[in-house]
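What follows is a short report on a single structure.
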Amino acid sequence: MVLVFAETWNGKFKKSTFEAVQYASACAQAQGSQAVAVVVGPASAPVESLGAYGAAKVVHLHGPKQFETAQHAALVGDLAKELNARLIVVSGTANGRALMGALAVRAEASVISNVTALPESYAPLRVVRGAFSSKGIEVCESRSERCVIGLVPNALGVKDSAGSDAAFEDRNVTAELRASMVEQQLASGSIALPEAERVVSAGRGMKAPENWGMIEELAQVLGAATACSKPVSDIGWRPHREHVGQTGIQVNPQLYIAVGISGAIQHLAGVSSSKTIVVINSDPEAPFFKAADYGIVGDAFDIVPRLTAALRKHLN
Amino acid sequence: MKILICISHVPDTTAKIQFTPDAKSLDTSGVQFVINPYDEFGLTRALQLNEKLGGTVTAVTVGGAEVEPTLRKALAIGAHDAVRVDAQPTDPLQVARELAAVATEGGYDLVICGQESIDYNGGVVPSALAELLGWPVVTPCIGFEPAGSRAKASREIDGGKEILEIALPAVLGAKKGLVEESELRIPNMRGIMAARTKPLTVKAPAGAAAGSAPVSFAKPAGKSAVQIIDAQNLDLLVQKLHEEAKVI
């Protein structure tokens with residue numbers, strides 16, 4: 001069977017969770033097996049609703065209050081061994097990525113992360129993954145009876161849900177905590193970048209931090225997350241958590257709009273797997289145009305407000 | 001504080017990535033190798049802690065003789081000594097097991113790795129290593145302040161960060177924020193001279209098995225040429241995003 005870690009965020013299932021459950025379900029179907037989802041800690045939605053995304057069964061572990069890497073690895077890893085899972089699917093969110101390595105050790109499994117597609121084959125298990133910061137594609141083979149698959153968020157997207165509620169089982173569990181949470185600081189109201197479907201990103205071409213209003217407005221119309229280039233976060237115009245690129249956040253949205261970003265290779269490493277890239281830059285020689293699907297040469301201060309208006313008209 | 005900093009030997013960010021004709025591996029000809037950028041944040045933090053608290057900073061990598069210049073660079077930046085585990089790993093769990101053997105033998109208080117390497121982009125080693133050692137892990141780690149046998153560490157999460165309290169020894173997966181880019185140490189001439197005589201020990205591998213191995217590599221499909229759209233005709237862009245790209 002295929003086990004999938006159904007991550008919650010403040011008790012809610014994330015979009016990336018539904019994607020991971022659908023991925024696990026597709027793997028299970030291909031092998032004539034079943035997908036079992038594991039939920040750790042409080043869930044505000046009924047856990048059986050994961051059935052709509054293909055889970056045949058949900059195991060809900062009660063006890064833990066929040067994510068802790070070692071504790072989650074122990075709980076999910078031990079369950080994988082008990083159920084004799086052949087595959088363990090984890091979405092590569094911040095928590096999922098932290099979890100994968102420890103989970104593989106605990107579950108006595110191999111691990112293949114940064115996976116972008118369904119397996120090419122199951123015996124042997126061969127999976128396509130991104131490598132060399134989006135400059136290469138690797139086919140990786142597991143040499144273990146059990147394998148953790150770390151799925152890139154948005155790699156497949158969430159298909160419409162179908163199917164009925166899953167069977168579920170509640171269990172009370174305890175496991176060692178190796179780190180205790182002192183506090184959590186969340187940016188209010190913003191869309192988390194790693195799983196955003198649309199991203200509006202801006203660079204030094206915006207000239208000053210007070211000019212970001214038009215970027216935020218464009219993002220708001222699109223329901224997009226805001227992001228920025230490295231120089232902009234380095235000089236403190238925008239917070240570090242918005243820095244997209246090699247040493248910042250890697251994103252994989254359907255639509256990436258880059259405003260006033262020249263497109264240094266370090267930036268491209270974090271965004272080049274975006275499905276559609278739109279570049280707005282006053283310099284027609286900006287290297288970013290070579291990586292773009294659509295380009296507009298011109299002044300951001302003129303174009304962005306008009307683009308926002310045109311999109312607003314279309315989306316209404 | 002006795003610190004082990006794990007160094008990954010990776011192609012420079014700007015390197016052109018090509019694969020060998022049999023598609024089995026990276027074509028390393030003409031490729032410049034560097035310290036993995038995430039490891040650099042860890043190395044600088046290790047040196048800062050060493051200046052404050054004393055102790056040693058040991059750099060370690062798992063690889064053949066070809067990785068030694070990268071280890072020497074870590075010595076030139078300020079690590080006191082270096083260990084090369086003489087193995088050619090194909091998989092992050094194999095790397096983690098070899099590192100765990102070094103960490104156990106050396107009795108370290110803190111092990112720092114980059115949160116991922118920019119070549120295989122696995123992101124697996126920090127938490128796998130911690131689990132093998134039975135230690136706490138903080139990854140991606142964007143802040144670390146030890147206080148005696150405990151420490152406070154910041155961990156990046158989707159849309160924010162969390163502050164964790166842990167007991168040492170521990171493993172950190174370094175990311176920008178652990179130190180700022182402007183704080184990163186670079187080797188100076190005195191450091192480069194000193195690095196030549198600092199101890200670099202070659203250690204036989206523990207013989208950890210790989211859990212997986214690459215079968216083949218390929219370059220991603222190139223983008224078709226960019227469509228330049230007239231700045232006066234933004235409705236056309238909206239139309240194309242809707243009908244052609246189908247993203248709105």
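Labeling convention for the structure tokens: chains A, B, ... as they appear, residues from 1 per chain, ligands from 1 in order of appearance.
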Next item on the list: Would you give me, as a ChimeraX atom specification, the residues of chain B that come within 6 Å of chain A, using only C-alpha atoms?
Entry: /B:118-122,124,127-128,131,136,139,157-166,211-220,226-229,231
Next item on the list: Do a neighbour search on stretch 206-216 of chain A at 7 Å with only C-alpha atoms, toss out local chain neighbours closer than 4 positions, and write the hits as JSON, numbers by chain.
Entry: {"A": [200, 202, 220, 226, 237, 260, 304, 305]}
Notebook entry, point to check: Which polymer residues have any atom within 7 Å of an atom of A:Ser201, counting only C-alpha atoms, with same-chain residues fewer than 3 positions away left out, as a PyMOL selection string?
Noted result: chain A and resi 226-228+257-259
Next item on the list: Identify all residues of stretch 24-254 of chain A in strand (DSSP E or B) (DSSP on the backbone) and supply them as a ChimeraX atom specification.
Entry: /A:35-40,57-62,87-91,110-115,121-122,125-131,136-142,147-151,167-172,179-186,198-202,225-228,243-244,249
Checklist line | Long-range neighbours of B:Ala130 as a PyMOL selection string, 9 Å cut-off, only C-alpha atoms, 4 positions minimum in chain | finding: (chain A and resi 70+101-102) or (chain B and resi 96+100+111+125-126+134-137+170-172)
Note to self: Under the rule that only C-alpha atoms are counted, which of A:Val199, A:Val89, A:Ala107, A:Val47 is the nearest residue to A:Leu151?
What the structure shows: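 Of the candidates, the smallest distance to A:Leu151 is held by A:Val89.
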Next item on the list: Please report, as an MDAnalysis selection string, each residue of stretch 65-166 of chain B to which DSSP assigns alpha helix (DSSP H) when run on this structure's backbone.
Entry: chainID B and resid 68:77 92:106 125:133
Limited to N, CA and C atoms, could you put the picked residues into a file as a compact mmCIF listing (two decimals), in the first residue's frame?
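So the final result, stored in selection08.txt, reads:
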```
# COMPACT_ATOMS: atom_id res chain seq x y z
N GLU B 68 39.05 17.63 -2.57
CA GLU B 68 39.97 18.23 -1.59
C GLU B 68 40.18 19.73 -1.76
N PRO B 69 40.25 20.26 -3.01
CA PRO B 69 40.38 21.71 -3.11
C PRO B 69 39.24 22.47 -2.44
N THR B 70 38.04 21.90 -2.49
CA THR B 70 36.89 22.54 -1.85
C THR B 70 37.03 22.50 -0.32
N LEU B 71 37.54 21.38 0.20
CA LEU B 71 37.80 21.30 1.64
C LEU B 71 38.90 22.28 2.05
N ARG B 72 39.93 22.39 1.20
CA ARG B 72 41.03 23.35 1.50
C ARG B 72 40.47 24.78 1.53
N LYS B 73 39.48 25.04 0.71
CA LYS B 73 38.88 26.38 0.72
C LYS B 73 38.20 26.64 2.06
N ALA B 74 37.52 25.59 2.58
CA ALA B 74 36.89 25.74 3.91
C ALA B 74 37.95 25.99 4.97
N LEU B 75 39.12 25.34 4.83
CA LEU B 75 40.22 25.57 5.77
C LEU B 75 40.75 26.99 5.63
N ALA B 76 40.81 27.47 4.37
CA ALA B 76 41.32 28.83 4.13
C ALA B 76 40.37 29.87 4.72
N ILE B 77 39.08 29.57 4.72
CA ILE B 77 38.10 30.50 5.29
C ILE B 77 38.20 30.50 6.82
N PRO B 92 21.65 10.46 -0.86
CA PRO B 92 21.79 11.28 0.36
C PRO B 92 21.82 10.47 1.65
N LEU B 93 21.13 9.33 1.68
CA LEU B 93 21.15 8.54 2.91
C LEU B 93 22.52 7.92 3.14
N GLN B 94 23.18 7.58 2.04
CA GLN B 94 24.55 7.06 2.15
C GLN B 94 25.46 8.14 2.72
N VAL B 95 25.29 9.37 2.24
CA VAL B 95 26.07 10.50 2.76
C VAL B 95 25.78 10.69 4.24
N ALA B 96 24.49 10.67 4.59
CA ALA B 96 24.10 10.90 5.99
C ALA B 96 24.72 9.83 6.90
N ARG B 97 24.74 8.58 6.45
CA ARG B 97 25.30 7.50 7.28
C ARG B 97 26.82 7.67 7.46
N GLU B 98 27.50 8.08 6.40
CA GLU B 98 28.94 8.31 6.53
C GLU B 98 29.21 9.48 7.47
N LEU B 99 28.39 10.54 7.36
CA LEU B 99 28.57 11.70 8.24
C LEU B 99 28.25 11.34 9.69
N ALA B 100 27.24 10.49 9.87
CA ALA B 100 26.87 10.08 11.24
C ALA B 100 28.04 9.35 11.90
N ALA B 101 28.76 8.54 11.12
CA ALA B 101 29.91 7.82 11.68
C ALA B 101 30.98 8.81 12.14
N VAL B 102 31.23 9.85 11.33
CA VAL B 102 32.22 10.87 11.69
C VAL B 102 31.76 11.65 12.93
N ALA B 103 30.48 12.01 12.95
CA ALA B 103 29.94 12.80 14.06
C ALA B 103 30.00 12.03 15.37
N THR B 104 29.69 10.75 15.31
CA THR B 104 29.71 9.90 16.52
C THR B 104 31.14 9.77 17.05
N GLU B 105 32.06 9.50 16.14
CA GLU B 105 33.45 9.28 16.54
C GLU B 105 34.07 10.54 17.13
N GLY B 106 33.70 11.71 16.57
CA GLY B 106 34.36 12.96 16.98
C GLY B 106 33.79 13.60 18.23
N VAL B 125 19.75 15.31 3.79
CA VAL B 125 20.83 14.99 4.73
C VAL B 125 20.60 15.52 6.15
N PRO B 126 20.20 16.80 6.36
CA PRO B 126 20.14 17.27 7.75
C PRO B 126 19.25 16.41 8.66
N SER B 127 18.01 16.16 8.25
CA SER B 127 17.14 15.44 9.17
C SER B 127 17.46 13.95 9.21
N ALA B 128 17.96 13.39 8.10
CA ALA B 128 18.36 11.97 8.12
C ALA B 128 19.54 11.79 9.09
N LEU B 129 20.50 12.69 9.03
CA LEU B 129 21.66 12.64 9.91
C LEU B 129 21.24 12.74 11.37
N ALA B 130 20.34 13.69 11.65
CA ALA B 130 19.87 13.87 13.03
C ALA B 130 19.16 12.61 13.53
N GLU B 131 18.36 12.00 12.67
CA GLU B 131 17.63 10.80 13.08
C GLU B 131 18.60 9.64 13.35
N LEU B 132 19.63 9.54 12.52
CA LEU B 132 20.64 8.49 12.74
C LEU B 132 21.35 8.68 14.08
N LEU B 133 21.56 9.96 14.45
CA LEU B 133 22.27 10.27 15.69
C LEU B 133 21.33 10.31 16.89
```
Notebook entry, point to check: So how many Å separate atom CA of B:Pro37 and atom CA of B:Ala151, to one decimal?
Noted result: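 Computing it gives 24.2 Å between the two atoms.
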Check: In terms of the shortest atom-to-atom distance over only C-alpha atoms, which of B:His80, B:Gly55, B:Glu66, B:Gly123 is closest to B:Thr28?
Finding: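 Selected residue with least distance to B:Thr28: B:Glu66.
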Check: Mind pulling up the distance from atom CA of B:Ala167 to atom CA of A:Ala175?
Finding: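 These atoms are spaced 16.8 Å apart.
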Next item on the list: Just the residues within 9 Å of stretch 18-22 of chain A, please, counting only C-alpha atoms, with nothing from its chain fewer than 3 positions along; format it as a PyMOL selection string.
Entry: chain A and resi 3-6+13-15+25-27+35-37+50-51+53-55+89-91+151+153-159+161
Next item on the list: For atom CA of A:Val152 and atom CA of A:Thr116, quote the distance in Å rounded to one decimal.
Entry: 5.8 Å
Contact table stretch 58-168 of chain B vs stretch 42-53 of chain B, cut-off 10 Å, shortest pair per residue, only C-alpha atoms, as JSON lines:
```
{"residue": "B:Thr58", "atom": "CA", "partner": "B:Ala46", "partner_atom": "CA", "distance": 9.3}
{"residue": "B:Ala59", "atom": "CA", "partner": "B:Leu43", "partner_atom": "CA", "distance": 8.4}
{"residue": "B:Ala74", "atom": "CA", "partner": "B:Leu43", "partner_atom": "CA", "distance": 7.7}
{"residue": "B:Ile77", "atom": "CA", "partner": "B:Thr44", "partner_atom": "CA", "distance": 8.4}
{"residue": "B:Gly78", "atom": "CA", "partner": "B:Leu47", "partner_atom": "CA", "distance": 6.9}
{"residue": "B:Ala79", "atom": "CA", "partner": "B:Leu47", "partner_atom": "CA", "distance": 7.2}
{"residue": "B:His80", "atom": "CA", "partner": "B:Leu47", "partner_atom": "CA", "distance": 9.6}
{"residue": "B:Leu110", "atom": "CA", "partner": "B:Ala46", "partner_atom": "CA", "distance": 9.0}
{"residue": "B:Val111", "atom": "CA", "partner": "B:Ala46", "partner_atom": "CA", "distance": 9.3}
{"residue": "B:Ile112", "atom": "CA", "partner": "B:Gly42", "partner_atom": "CA", "distance": 5.9}
{"residue": "B:Cys113", "atom": "CA", "partner": "B:Gly42", "partner_atom": "CA", "distance": 6.6}
{"residue": "B:Gly114", "atom": "CA", "partner": "B:Gly42", "partner_atom": "CA", "distance": 6.6}
{"residue": "B:Gln115", "atom": "CA", "partner": "B:Gly42", "partner_atom": "CA", "distance": 9.4}
{"residue": "B:Cys141", "atom": "CA", "partner": "B:Gly42", "partner_atom": "CA", "distance": 9.4}
{"residue": "B:Ile142", "atom": "CA", "partner": "B:Gly42", "partner_atom": "CA", "distance": 9.9}
{"residue": "B:Gly143", "atom": "CA", "partner": "B:Arg45", "partner_atom": "CA", "distance": 9.3}
{"residue": "B:Phe144", "atom": "CA", "partner": "B:Arg45", "partner_atom": "CA", "distance": 8.5}
{"residue": "B:Glu145", "atom": "CA", "partner": "B:Leu49", "partner_atom": "CA", "distance": 8.8}
{"residue": "B:Pro146", "atom": "CA", "partner": "B:Leu49", "partner_atom": "CA", "distance": 8.7}
```
